[in-house]
>>> print(open('target_26.cif').read())   # mmCIF, C-alpha atoms
data_my_file
loop_
_atom_site.group_PDB
_atom_site.id
_atom_site.type_symbol
_atom_site.label_atom_id
_atom_site.label_comp_id
_atom_site.auth_asym_id
_atom_site.auth_seq_id
_atom_site.Cartn_x
_atom_site.Cartn_y
_atom_site.Cartn_z
ATOM 1 C CA MET A 1 0.967 1.190 1.521
ATOM 2 C CA LYS A 2 -1.960 -0.713 -0.068
ATOM 3 C CA LEU A 3 -2.574 -4.053 1.653
ATOM 4 C CA ASP A 4 -5.945 -5.169 0.259
ATOM 5 C CA TYR A 5 -5.999 -7.046 -3.044
ATOM 6 C CA ASN A 6 -9.585 -7.137 -4.312
ATOM 7 C CA ILE A 7 -10.718 -9.573 -7.014
ATOM 8 C CA LEU A 8 -14.114 -9.984 -8.688
ATOM 9 C CA TRP A 9 -14.708 -13.255 -10.609
ATOM 10 C CA ILE A 10 -17.732 -13.510 -12.939
ATOM 11 C CA ASP A 11 -18.923 -16.858 -14.293
ATOM 12 C CA ASP A 12 -22.185 -18.774 -13.986
ATOM 13 C CA LYS A 13 -20.079 -21.899 -13.372
ATOM 14 C CA ILE A 14 -17.985 -20.316 -10.621
ATOM 15 C CA SER A 15 -18.907 -23.179 -8.257
ATOM 16 C CA ASN A 16 -17.047 -25.532 -10.604
ATOM 17 C CA ARG A 17 -14.444 -27.487 -8.607
ATOM 18 C CA ALA A 18 -11.635 -26.413 -10.942
ATOM 19 C CA PHE A 19 -12.474 -22.712 -10.502
ATOM 20 C CA GLN A 20 -12.724 -23.114 -6.736
ATOM 21 C CA ALA A 21 -9.297 -24.777 -6.732
ATOM 22 C CA ILE A 22 -7.860 -21.756 -8.586
ATOM 23 C CA LEU A 23 -9.505 -19.396 -6.098
ATOM 24 C CA LYS A 24 -7.885 -21.309 -3.252
ATOM 25 C CA GLU A 25 -4.446 -21.047 -4.861
ATOM 26 C CA ILE A 26 -4.878 -17.312 -5.447
ATOM 27 C CA LYS A 27 -5.801 -16.723 -1.806
ATOM 28 C CA GLN A 28 -2.844 -18.783 -0.635
ATOM 29 C CA PHE A 29 -0.393 -16.956 -2.895
ATOM 30 C CA LEU A 30 -1.557 -13.474 -1.922
ATOM 31 C CA SER A 31 -1.552 -14.443 1.741
ATOM 32 C CA GLU A 32 2.086 -15.525 1.432
ATOM 33 C CA GLU A 33 2.840 -12.161 -0.188
ATOM 34 C CA PHE A 34 1.199 -10.528 2.849
ATOM 35 C CA PHE A 35 -1.794 -9.011 1.092
ATOM 36 C CA ASN A 36 -5.349 -9.188 2.400
ATOM 37 C CA CYS A 37 -7.048 -11.142 -0.379
ATOM 38 C CA ASN A 38 -10.740 -10.372 -0.918
ATOM 39 C CA ILE A 39 -12.458 -12.362 -3.684
ATOM 40 C CA THR A 40 -16.059 -11.641 -4.647
ATOM 41 C CA GLU A 41 -18.032 -13.899 -6.988
ATOM 42 C CA ALA A 42 -20.820 -13.095 -9.453
ATOM 43 C CA GLU A 43 -22.721 -15.267 -11.926
ATOM 44 C CA ASP A 44 -23.643 -12.752 -14.614
ATOM 45 C CA PHE A 45 -23.307 -9.174 -15.873
ATOM 46 C CA ASN A 46 -26.146 -7.874 -13.683
ATOM 47 C CA GLY A 47 -24.552 -9.438 -10.617
ATOM 48 C CA PHE A 48 -21.262 -7.813 -11.603
ATOM 49 C CA LYS A 49 -22.876 -4.371 -11.852
ATOM 50 C CA VAL A 50 -24.540 -4.695 -8.451
ATOM 51 C CA LEU A 51 -21.279 -5.722 -6.764
ATOM 52 C CA PHE A 52 -19.238 -3.089 -8.564
ATOM 53 C CA GLU A 53 -21.663 -0.307 -7.690
ATOM 54 C CA LYS A 54 -21.596 -1.503 -4.083
ATOM 55 C CA ASN A 55 -17.850 -2.040 -3.624
ATOM 56 C CA GLY A 56 -16.349 0.025 -6.426
ATOM 57 C CA GLU A 57 -12.684 -0.870 -6.038
ATOM 58 C CA TYR A 58 -11.174 -3.988 -7.614
ATOM 59 C CA ASP A 59 -7.551 -4.641 -8.530
ATOM 60 C CA LEU A 60 -8.448 -7.500 -10.844
ATOM 61 C CA ILE A 61 -11.607 -8.669 -12.595
ATOM 62 C CA ILE A 62 -11.603 -12.254 -13.901
ATOM 63 C CA THR A 63 -14.497 -13.190 -16.153
ATOM 64 C CA ASP A 64 -15.799 -15.529 -18.802
ATOM 65 C CA TYR A 65 -15.988 -13.435 -21.974
ATOM 66 C CA SER A 66 -19.327 -14.948 -23.048
ATOM 67 C CA LEU A 67 -21.709 -14.448 -20.146
ATOM 68 C CA ASN A 68 -25.282 -15.697 -19.967
ATOM 69 C CA GLU A 69 -28.267 -13.691 -21.190
ATOM 70 C CA GLY A 70 -26.251 -12.737 -24.288
ATOM 71 C CA SER A 71 -23.857 -10.435 -22.402
ATOM 72 C CA THR A 72 -20.200 -10.245 -23.456
ATOM 73 C CA GLY A 73 -16.944 -8.908 -22.124
ATOM 74 C CA LYS A 74 -17.385 -5.773 -24.239
ATOM 75 C CA GLU A 75 -20.180 -4.662 -21.923
ATOM 76 C CA ILE A 76 -17.893 -5.037 -18.930
ATOM 77 C CA ILE A 77 -15.206 -2.964 -20.649
ATOM 78 C CA ASP A 78 -17.698 -0.245 -21.614
ATOM 79 C CA PHE A 79 -19.141 -0.197 -18.098
ATOM 80 C CA LEU A 80 -15.748 0.115 -16.405
ATOM 81 C CA ARG A 81 -14.377 2.727 -18.784
ATOM 82 C CA ASP A 82 -17.560 4.745 -18.440
ATOM 83 C CA LYS A 83 -16.962 4.685 -14.679
ATOM 84 C CA LYS A 84 -13.378 5.894 -15.335
ATOM 85 C CA HIS A 85 -11.891 2.718 -13.815
ATOM 86 C CA ASN A 86 -9.023 2.521 -16.303
ATOM 87 C CA TYR A 87 -6.675 1.184 -13.640
ATOM 88 C CA THR A 88 -8.598 -2.073 -13.085
ATOM 89 C CA GLU A 89 -6.909 -5.135 -14.623
ATOM 90 C CA ILE A 90 -9.337 -7.334 -16.589
ATOM 91 C CA PHE A 91 -8.672 -11.004 -17.380
ATOM 92 C CA PHE A 92 -11.022 -12.611 -19.921
ATOM 93 C CA TYR A 93 -11.144 -16.284 -20.749
ATOM 94 C CA SER A 94 -13.383 -18.153 -23.175
ATOM 95 C CA ALA A 95 -13.727 -21.559 -24.798
ATOM 96 C CA ASN A 96 -15.222 -19.828 -27.869
ATOM 97 C CA SER A 97 -12.503 -19.640 -30.528
ATOM 98 C CA ASP A 98 -14.581 -17.544 -32.930
ATOM 99 C CA LEU A 99 -14.699 -14.209 -31.114
ATOM 100 C CA LYS A 100 -15.412 -11.319 -33.452
ATOM 101 C CA ASP A 101 -14.698 -8.765 -30.715
ATOM 102 C CA ILE A 102 -11.229 -10.098 -29.887
ATOM 103 C CA GLU A 103 -9.575 -6.850 -31.049
ATOM 104 C CA LEU A 104 -11.454 -5.071 -28.268
ATOM 105 C CA ILE A 105 -9.540 -6.928 -25.618
ATOM 106 C CA ASN A 106 -6.037 -6.513 -26.951
ATOM 107 C CA ASN A 107 -5.647 -3.251 -25.074
ATOM 108 C CA ASN A 108 -3.791 -1.931 -22.071
ATOM 109 C CA ARG A 109 -4.773 -3.570 -18.747
ATOM 110 C CA ILE A 110 -6.884 -6.199 -20.566
ATOM 111 C CA THR A 111 -5.796 -9.822 -20.979
ATOM 112 C CA PHE A 112 -7.452 -12.626 -22.960
ATOM 113 C CA TYR A 113 -6.925 -16.379 -22.521
ATOM 114 C CA GLN A 114 -8.265 -19.018 -24.888
ATOM 115 C CA LEU A 115 -9.594 -21.706 -22.587
ATOM 116 C CA VAL A 116 -9.240 -25.282 -23.782
ATOM 117 C CA GLU A 117 -11.335 -27.937 -22.097
ATOM 118 C CA GLY A 118 -9.287 -29.480 -19.311
ATOM 119 C CA SER A 119 -6.661 -26.695 -19.373
ATOM 120 C CA TYR A 120 -7.578 -25.228 -16.001
ATOM 121 C CA ARG A 121 -3.993 -25.542 -14.768
ATOM 122 C CA ASP A 122 -2.896 -23.364 -17.666
ATOM 123 C CA LEU A 123 -5.669 -20.898 -16.801
ATOM 124 C CA GLU A 124 -4.438 -20.825 -13.217
ATOM 125 C CA ARG A 125 -0.871 -20.186 -14.365
ATOM 126 C CA GLU A 126 -1.961 -17.289 -16.602
ATOM 127 C CA ILE A 127 -3.993 -15.687 -13.826
ATOM 128 C CA MET A 128 -1.162 -16.070 -11.301
ATOM 129 C CA GLU A 129 1.308 -14.511 -13.728
ATOM 130 C CA LEU A 130 -0.994 -11.520 -14.156
ATOM 131 C CA ILE A 131 -1.354 -11.146 -10.387
ATOM 132 C CA GLU A 132 2.429 -11.266 -9.994
ATOM 133 C CA LEU A 133 2.692 -8.570 -12.671
ATOM 134 C CA THR A 134 0.224 -6.313 -10.856
ATOM 135 C CA ILE A 135 2.250 -6.754 -7.656
ATOM 136 C CA LYS A 136 5.426 -5.744 -9.504
ATOM 137 C CA LYS A 137 3.631 -2.676 -10.842
ATOM 138 C CA PHE A 138 2.557 -1.891 -7.294
ATOM 139 C CA GLN A 139 6.148 -2.292 -6.103
ATOM 140 C CA HIS A 140 7.088 0.185 -8.824
ATOM 141 C CA ILE A 141 4.560 2.642 -7.384
ATOM 142 C CA VAL A 142 6.220 2.156 -3.997
ATOM 143 C CA ALA A 143 9.558 2.886 -5.671
ATOM 144 C CA MET A 144 8.111 6.053 -7.210
ATOM 145 C CA ARG A 145 7.043 7.166 -3.765
ATOM 146 C CA GLY A 146 10.561 6.460 -2.645
ATOM 147 C CA MET A 147 11.807 8.513 -5.590
ATOM 148 C CA ILE A 148 9.919 11.530 -4.264
ATOM 149 C CA MET A 149 11.321 10.904 -0.787
ATOM 150 C CA ASN A 150 14.788 10.602 -2.295
ATOM 151 C CA GLU A 151 14.513 13.887 -4.173
ATOM 152 C CA THR A 152 13.202 15.829 -1.173
ATOM 153 C CA SER A 153 15.923 14.300 1.029
ATOM 154 C CA GLY A 154 18.425 15.425 -1.590
ATOM 155 C CA LEU A 155 17.065 18.970 -1.344
ATOM 156 C CA ASP A 156 17.437 18.808 2.446
ATOM 157 C CA MET A 157 21.065 17.777 2.041
ATOM 158 C CA GLN A 158 21.690 20.614 -0.415
ATOM 159 C CA MET A 159 20.196 23.126 2.003
ATOM 160 C CA LEU A 160 22.398 21.833 4.819
ATOM 161 C CA SER A 161 25.471 22.058 2.585
ATOM 162 C CA ILE A 162 24.682 25.696 1.804
ATOM 163 C CA ILE A 163 24.113 26.499 5.476
ATOM 164 C CA LYS A 164 27.356 24.761 6.551
ATOM 165 C CA SER A 165 29.289 26.622 3.853
ATOM 166 C CA ALA A 166 27.745 29.897 4.963
ATOM 167 C CA LEU A 167 28.845 29.213 8.556
ATOM 168 C CA ASN A 168 32.446 29.218 7.368
ATOM 169 C CA ASN A 169 32.071 32.351 5.263
ATOM 170 C CA ASP A 170 33.801 35.392 6.786
ATOM 171 C CA LYS A 171 31.496 37.756 4.906
ATOM 172 C CA LEU A 172 28.467 36.578 6.898
ATOM 173 C CA ASP A 173 27.816 37.471 10.539
ATOM 174 C CA PHE A 174 25.939 34.317 11.451
ATOM 175 C CA LYS A 175 25.343 35.416 15.031
ATOM 176 C CA GLU A 176 23.248 38.304 13.770
ATOM 177 C CA LEU A 177 21.784 36.333 10.867
ATOM 178 C CA ALA A 178 20.594 33.492 13.122
ATOM 179 C CA THR A 179 18.922 35.694 15.736
ATOM 180 C CA LYS A 180 15.525 35.501 14.078
ATOM 181 C CA ILE A 181 15.739 31.702 13.783
ATOM 182 C CA TYR A 182 16.730 31.341 17.444
ATOM 183 C CA ASP A 183 13.851 33.600 18.470
ATOM 184 C CA GLU A 184 11.305 31.714 16.345
ATOM 185 C CA LEU A 185 12.467 28.326 17.647
ATOM 186 C CA ASN A 186 12.341 29.502 21.263
ATOM 187 C CA SER A 187 8.890 30.964 20.687
ATOM 188 C CA LEU A 188 7.717 27.689 19.128
ATOM 189 C CA TYR A 189 9.050 25.525 21.957
ATOM 190 C CA ASP A 190 7.775 27.939 24.612
ATOM 191 C CA SER A 191 4.273 27.780 23.149
ATOM 192 C CA LYS A 192 4.406 23.987 22.899
ATOM 193 C CA ASN A 193 5.756 23.717 26.455
ATOM 194 C CA LYS A 194 2.945 25.962 27.667
ATOM 195 C CA PHE A 195 0.406 23.879 25.770
ATOM 196 C CA VAL A 196 1.711 20.596 27.246
ATOM 197 C CA ASN A 197 1.608 22.010 30.795
ATOM 198 C CA GLU A 198 -1.938 23.321 30.311
ATOM 199 C CA CYS A 199 -3.070 19.874 29.142
ATOM 200 C CA ARG A 200 -1.417 18.360 32.200
ATOM 201 C CA GLU A 201 -2.894 20.840 34.693
ATOM 202 C CA LYS A 202 -6.408 20.550 33.268
ATOM 203 C CA GLY A 203 -6.237 16.782 32.801
ATOM 204 C CA LYS A 204 -6.904 17.210 29.066
ATOM 205 C CA PHE A 205 -4.704 14.523 27.552
ATOM 206 C CA ILE A 206 -7.180 14.346 24.671
ATOM 207 C CA ASN A 207 -6.135 17.858 23.641
ATOM 208 C CA LEU A 208 -2.510 16.754 23.558
ATOM 209 C CA THR A 209 -3.360 14.048 21.027
ATOM 210 C CA LYS A 210 -4.678 16.654 18.586
ATOM 211 C CA ASP A 211 -1.262 18.280 18.127
ATOM 212 C CA ASN A 212 0.780 16.232 15.632
ATOM 213 C CA PHE A 213 3.949 18.196 16.348
ATOM 214 C CA VAL A 214 3.885 17.418 20.073
ATOM 215 C CA PHE A 215 2.097 14.083 19.911
ATOM 216 C CA SER A 216 4.129 12.524 17.102
ATOM 217 C CA ALA A 217 4.052 8.896 15.980
ATOM 218 C CA ASP A 218 6.747 8.120 18.548
ATOM 219 C CA TYR A 219 4.615 9.391 21.417
ATOM 220 C CA LYS A 220 1.502 7.690 20.095
ATOM 221 C CA ILE A 221 3.158 4.272 20.327
ATOM 222 C CA LYS A 222 4.746 5.126 23.690
ATOM 223 C CA THR A 223 1.302 5.988 25.040
ATOM 224 C CA LEU A 224 -0.123 2.763 23.655
ATOM 225 C CA GLY A 225 2.718 0.902 25.369
ATOM 226 C CA GLN A 226 1.694 2.405 28.721
ATOM 227 C CA ILE A 227 -1.920 1.407 28.062
ATOM 228 C CA LEU A 228 -0.889 -2.188 27.328
ATOM 229 C CA LEU A 229 1.160 -2.357 30.531
ATOM 230 C CA HIS A 230 -1.795 -1.119 32.600
ATOM 231 C CA LEU A 231 -4.004 -3.743 30.946
ATOM 232 C CA ASN A 232 -1.426 -6.406 31.824
ATOM 233 C CA GLU A 233 -1.113 -7.136 28.106
ATOM 234 C CA LYS A 234 2.044 -7.797 26.120
ATOM 235 C CA ASP A 235 3.722 -4.492 25.327
ATOM 236 C CA PHE A 236 4.701 -4.510 21.630
ATOM 237 C CA SER A 237 5.438 -0.766 21.468
ATOM 238 C CA THR A 238 9.230 -1.140 21.181
ATOM 239 C CA GLU A 239 8.934 -3.714 18.400
ATOM 240 C CA TYR A 240 6.400 -1.506 16.613
ATOM 241 C CA HIS A 241 8.686 1.515 16.875
ATOM 242 C CA GLU A 242 11.535 -0.417 15.261
ATOM 243 C CA ALA A 243 9.461 -2.196 12.598
ATOM 244 C CA ILE A 244 7.223 0.711 11.566
ATOM 245 C CA ASN A 245 8.351 4.139 12.787
ATOM 246 C CA LEU A 246 12.083 3.677 12.306
ATOM 247 C CA MET A 247 11.543 1.843 8.994
ATOM 248 C CA ARG A 248 9.382 4.700 7.719
ATOM 249 C CA ASN A 249 12.015 7.240 8.726
ATOM 250 C CA LYS A 250 14.750 5.225 7.020
ATOM 251 C CA PHE A 251 12.629 4.941 3.886
ATOM 252 C CA ALA A 252 12.106 8.692 3.914
ATOM 253 C CA HIS A 253 15.875 9.261 3.964
ATOM 254 C CA ALA A 254 16.885 6.466 1.588
ATOM 255 C CA VAL A 255 18.855 7.522 -1.486
ATOM 256 C CA LEU A 256 18.433 6.204 -5.024
ATOM 257 C CA ILE A 257 21.397 4.028 -6.049
ATOM 258 C CA LYS A 258 22.173 2.757 -9.537
ATOM 259 C CA ASP A 259 24.444 -0.231 -10.114
ATOM 260 C CA GLU A 260 26.483 0.793 -13.163
ATOM 261 C CA LYS A 261 27.223 -2.815 -14.130
ATOM 262 C CA SER A 262 23.719 -4.284 -13.960
ATOM 263 C CA GLY A 263 21.736 -1.059 -14.396
ATOM 264 C CA ARG A 264 19.662 -2.022 -11.325
ATOM 265 C CA GLU A 265 18.170 0.888 -9.386
ATOM 266 C CA TYR A 266 17.214 0.635 -5.740
ATOM 267 C CA PHE A 267 16.816 2.710 -2.604
ATOM 268 C CA LYS A 268 19.388 2.473 0.160
ATOM 269 C CA HIS A 269 19.542 4.042 3.598
ATOM 270 C CA GLY A 270 22.990 5.575 4.001
ATOM 271 C CA ASP A 271 23.785 4.988 7.679
ATOM 272 C CA SER A 272 22.318 1.488 8.013
ATOM 273 C CA GLY A 273 22.972 0.309 4.456
ATOM 274 C CA LEU A 274 19.388 -0.990 4.343
ATOM 275 C CA THR A 275 18.190 -1.747 0.795
ATOM 276 C CA PHE A 276 14.499 -1.240 -0.018
ATOM 277 C CA ASP A 277 13.921 -4.088 -2.437
ATOM 278 C CA ASN A 278 10.928 -6.375 -3.073
ATOM 279 C CA ASP A 279 11.764 -8.606 -0.117
ATOM 280 C CA LEU A 280 11.879 -5.673 2.278
ATOM 281 C CA CYS A 281 8.587 -4.300 0.892
ATOM 282 C CA LYS A 282 7.093 -7.734 1.531
ATOM 283 C CA LYS A 283 8.382 -7.652 5.127
ATOM 284 C CA ILE A 284 6.931 -4.164 5.628
ATOM 285 C CA ARG A 285 3.527 -5.396 4.410
ATOM 286 C CA ARG A 286 3.768 -8.343 6.805
ATOM 287 C CA ASP A 287 4.597 -6.042 9.737
ATOM 288 C CA ILE A 288 1.803 -3.601 8.910
ATOM 289 C CA ILE A 289 -0.729 -6.451 8.815
ATOM 290 C CA LYS A 290 0.667 -7.850 12.070
ATOM 291 C CA TYR A 291 0.300 -4.585 13.957
ATOM 292 C CA LYS A 292 -3.057 -3.785 12.396
ATOM 293 C CA ASN A 293 -4.279 -7.053 13.908
ATOM 294 C CA ASN A 294 -2.666 -6.178 17.237
ATOM 295 C CA PHE A 295 -4.375 -2.785 17.226
ATOM 296 C CA ASP A 296 -7.739 -4.358 16.366
ATOM 297 C CA ALA A 297 -7.367 -6.829 19.253
ATOM 298 C CA THR A 298 -6.439 -4.039 21.661
ATOM 299 C CA LEU A 299 -9.341 -1.859 20.543
ATOM 300 C CA ALA A 300 -11.729 -4.800 20.971
ATOM 301 C CA LYS A 301 -10.850 -4.933 24.667
ATOM 302 C CA PHE A 302 -12.449 -1.519 25.101
ATOM 303 C CA SER A 303 -15.554 -2.569 23.166
ATOM 304 C CA ASN A 304 -16.410 -5.568 25.341
#
>>> encode(input="target_26.cif", output="structure tokens")
Amino acid sequence: MKLDYNILWIDDKISNRAFQAILKEIKQFLSEEFFNCNITEAEDFNGFKVLFEKNGEYDLIITDYSLNEGSTGKEIIDFLRDKKHNYTEIFFYSANSDLKDIELINNNRITFYQLVEGSYRDLEREIMELIELTIKKFQHIVAMRGMIMNETSGLDMQMLSIIKSALNNDKLDFKELATKIYDELNSLYDSKNKFVNECREKGKFINLTKDNFVFSADYKIKTLGQILLHLNEKDFSTEYHEAINLMRNKFAHAVLIKDEKSGREYFKHGDSGLTFDNDLCKKIRRDIIKYKNNFDATLAKFSN
């Protein structure tokens, strides 16, 4: 899940108190939505190019359409599209009501606002609405990811149904049929058991961590929990397991539900009844940020 929301604002009057007030509100809003808000400022087109070449990834570009040195928003559009950044949202504003190039900005992912002197509150509202829209689009991407999880979980269920039906079919000798599967599973677990014991005997725990089958996410957090206990630090491993690992597993097995009356579609985990809506996605972002910070703090203890 994407947690960073990157904004580039271009205006030679960016230090204007009204603009700075808008920047403050944007940061506050995104913080409350549990995104890491990163806002970069530039004064002209050249400054924009330098920053874009350096950083490269922005979710939103806010800019005065008529920049200094005769540059216009068209140059920004041409530059971005040439770089194949068609996914970047662009918000233009201008106090100039006689824009000959206005048709260039009435395109997908490009917004134009006619700025009236003293209408900075309206400008703020328009920008905030666009940011909210981009978040909703992002939530939709999350839902699409859930759609894929839903479909693959559905295939798993279909496979299990076929297998269970086959178990009750008198025409199939499942004892003979399953021999190869039993043998392969035993061989797999024998090899993994041998591998774990070799790591233990040789004191090569580092080798254990390289095997994602053996050293799964569950064992990663359990190991971290042991490390925290030995450091006499608060052990958050159980909370992490519930907030992140179990939530991820539930999301993977959530099924797409459609309310016939309202037409609303959402993902729901069958056993728990958990619904993956916008509020839950917000909570997941909050938890990811929380534990990222915890991990950073823990790692810092080994750097001092």
>>> atom_distance(input="target_26.cif", atom1="atom CA of A:Ile289", atom2="atom CA of A:Lys136")
19.3 Å
>>> resolve_selection(input="target_26.cif", expression="the PyMOL selection byres ((chain A and resi 8) around 9)", output="list of chain:residue names")
A:Asn6, A:Ile7, A:Trp9, A:Ile10, A:Asn38, A:Ile39, A:Thr40, A:Glu41, A:Ala42, A:Phe48, A:Leu51, A:Phe52, A:Tyr58, A:Asp59, A:Leu60, A:Ile61, A:Ile62, A:Thr63
>>> resolve_selection(input="target_26.cif", expression="the PyMOL selection byres ((chain A and resi 189-199) around 12)", output="PyMOL selection string")
chain A and resi 182-188+200-215
>>> closest_residue(input="target_26.cif", among="A:Lys13, A:Lys74, A:Lys268, A:Lys301", to="A:Val255", atoms="all atoms listed in the file")
A:Lys268
>>> resolve_selection(input="target_26.cif", expression="the PyMOL selection byres ((chain A and resi 228) around 12)", output="ChimeraX atom specification")
/A:221-227,229-238,294-295,297-299,301-302
>>> closest_residue(input="target_26.cif", among="A:His253, A:Lys164, A:Lys171, A:Lys24", to="A:Phe276", atoms="all atoms listed in the file")
A:His253
>>> residues_around(input="target_26.cif", residues="A:Met247", least_positions_apart="5", cutoff="12 Å", atoms="only C-alpha atoms", output="PyMOL selection string")
chain A and resi 239-242+252-254+268-269+272+274-276+280-281+283-285+287-288
>>> closest_residue(input="target_26.cif", among="A:Glu117, A:Asp271, A:Asp173, A:Glu260", to="A:Ala18", atoms="only C-alpha atoms")
A:Glu117
>>> atom_distance(input="target_26.cif", atom1="atom CA of A:Leu3", atom2="atom CA of A:Leu30")
10.1 Å
>>> atom_distance(input="target_26.cif", atom1="atom CA of A:Tyr65", atom2="atom CA of A:Phe92")
5.4 Å
>>> closest_residue(input="target_26.cif", among="A:Arg17, A:Lys282, A:Arg248, A:Lys290", to="A:Glu33", atoms="all atoms listed in the file")
A:Lys282
>>> closest_residue(input="target_26.cif", among="A:Ile76, A:Ala95, A:Leu23, A:Val142", to="A:Leu115", atoms="all atoms listed in the file")
A:Ala95
>>> build_atoms(input="target_26.cif", residues="stretch 132-143 of chain A", atoms="N, CA and C atoms", output="mmCIF file, in the frame of the given file")
data_model
loop_
_atom_site.group_PDB
_atom_site.id
_atom_site.type_symbol
_atom_site.label_atom_id
_atom_site.label_comp_id
_atom_site.auth_asym_id
_atom_site.auth_seq_id
_atom_site.Cartn_x
_atom_site.Cartn_y
_atom_site.Cartn_z
ATOM 1 N N GLU A 132 1.037 -11.585 -10.308
ATOM 2 C CA GLU A 132 2.429 -11.266 -9.994
ATOM 3 C C GLU A 132 2.848 -9.973 -10.692
ATOM 4 N N LEU A 133 2.374 -9.787 -11.925
ATOM 5 C CA LEU A 133 2.692 -8.570 -12.671
ATOM 6 C C LEU A 133 2.099 -7.347 -11.994
ATOM 7 N N THR A 134 0.851 -7.456 -11.520
ATOM 8 C CA THR A 134 0.224 -6.313 -10.856
ATOM 9 C C THR A 134 0.962 -5.978 -9.567
ATOM 10 N N ILE A 135 1.482 -7.002 -8.876
ATOM 11 C CA ILE A 135 2.250 -6.754 -7.656
ATOM 12 C C ILE A 135 3.540 -6.011 -7.994
ATOM 13 N N LYS A 136 4.198 -6.427 -9.095
ATOM 14 C CA LYS A 136 5.426 -5.744 -9.504
ATOM 15 C C LYS A 136 5.150 -4.292 -9.856
ATOM 16 N N LYS A 137 4.001 -4.050 -10.520
ATOM 17 C CA LYS A 137 3.631 -2.676 -10.842
ATOM 18 C C LYS A 137 3.407 -1.881 -9.557
ATOM 19 N N PHE A 138 2.791 -2.537 -8.576
ATOM 20 C CA PHE A 138 2.557 -1.891 -7.294
ATOM 21 C C PHE A 138 3.888 -1.570 -6.614
ATOM 22 N N GLN A 139 4.830 -2.522 -6.681
ATOM 23 C CA GLN A 139 6.148 -2.292 -6.103
ATOM 24 C C GLN A 139 6.791 -1.090 -6.784
ATOM 25 N N HIS A 140 6.530 -0.957 -8.099
ATOM 26 C CA HIS A 140 7.088 0.185 -8.824
ATOM 27 C C HIS A 140 6.499 1.488 -8.307
ATOM 28 N N ILE A 141 5.190 1.459 -7.962
ATOM 29 C CA ILE A 141 4.560 2.642 -7.384
ATOM 30 C C ILE A 141 5.230 2.985 -6.061
ATOM 31 N N VAL A 142 5.516 1.942 -5.260
ATOM 32 C CA VAL A 142 6.220 2.156 -3.997
ATOM 33 C C VAL A 142 7.566 2.809 -4.265
ATOM 34 N N ALA A 143 8.258 2.322 -5.313
ATOM 35 C CA ALA A 143 9.558 2.886 -5.671
ATOM 36 C C ALA A 143 9.416 4.343 -6.096
#
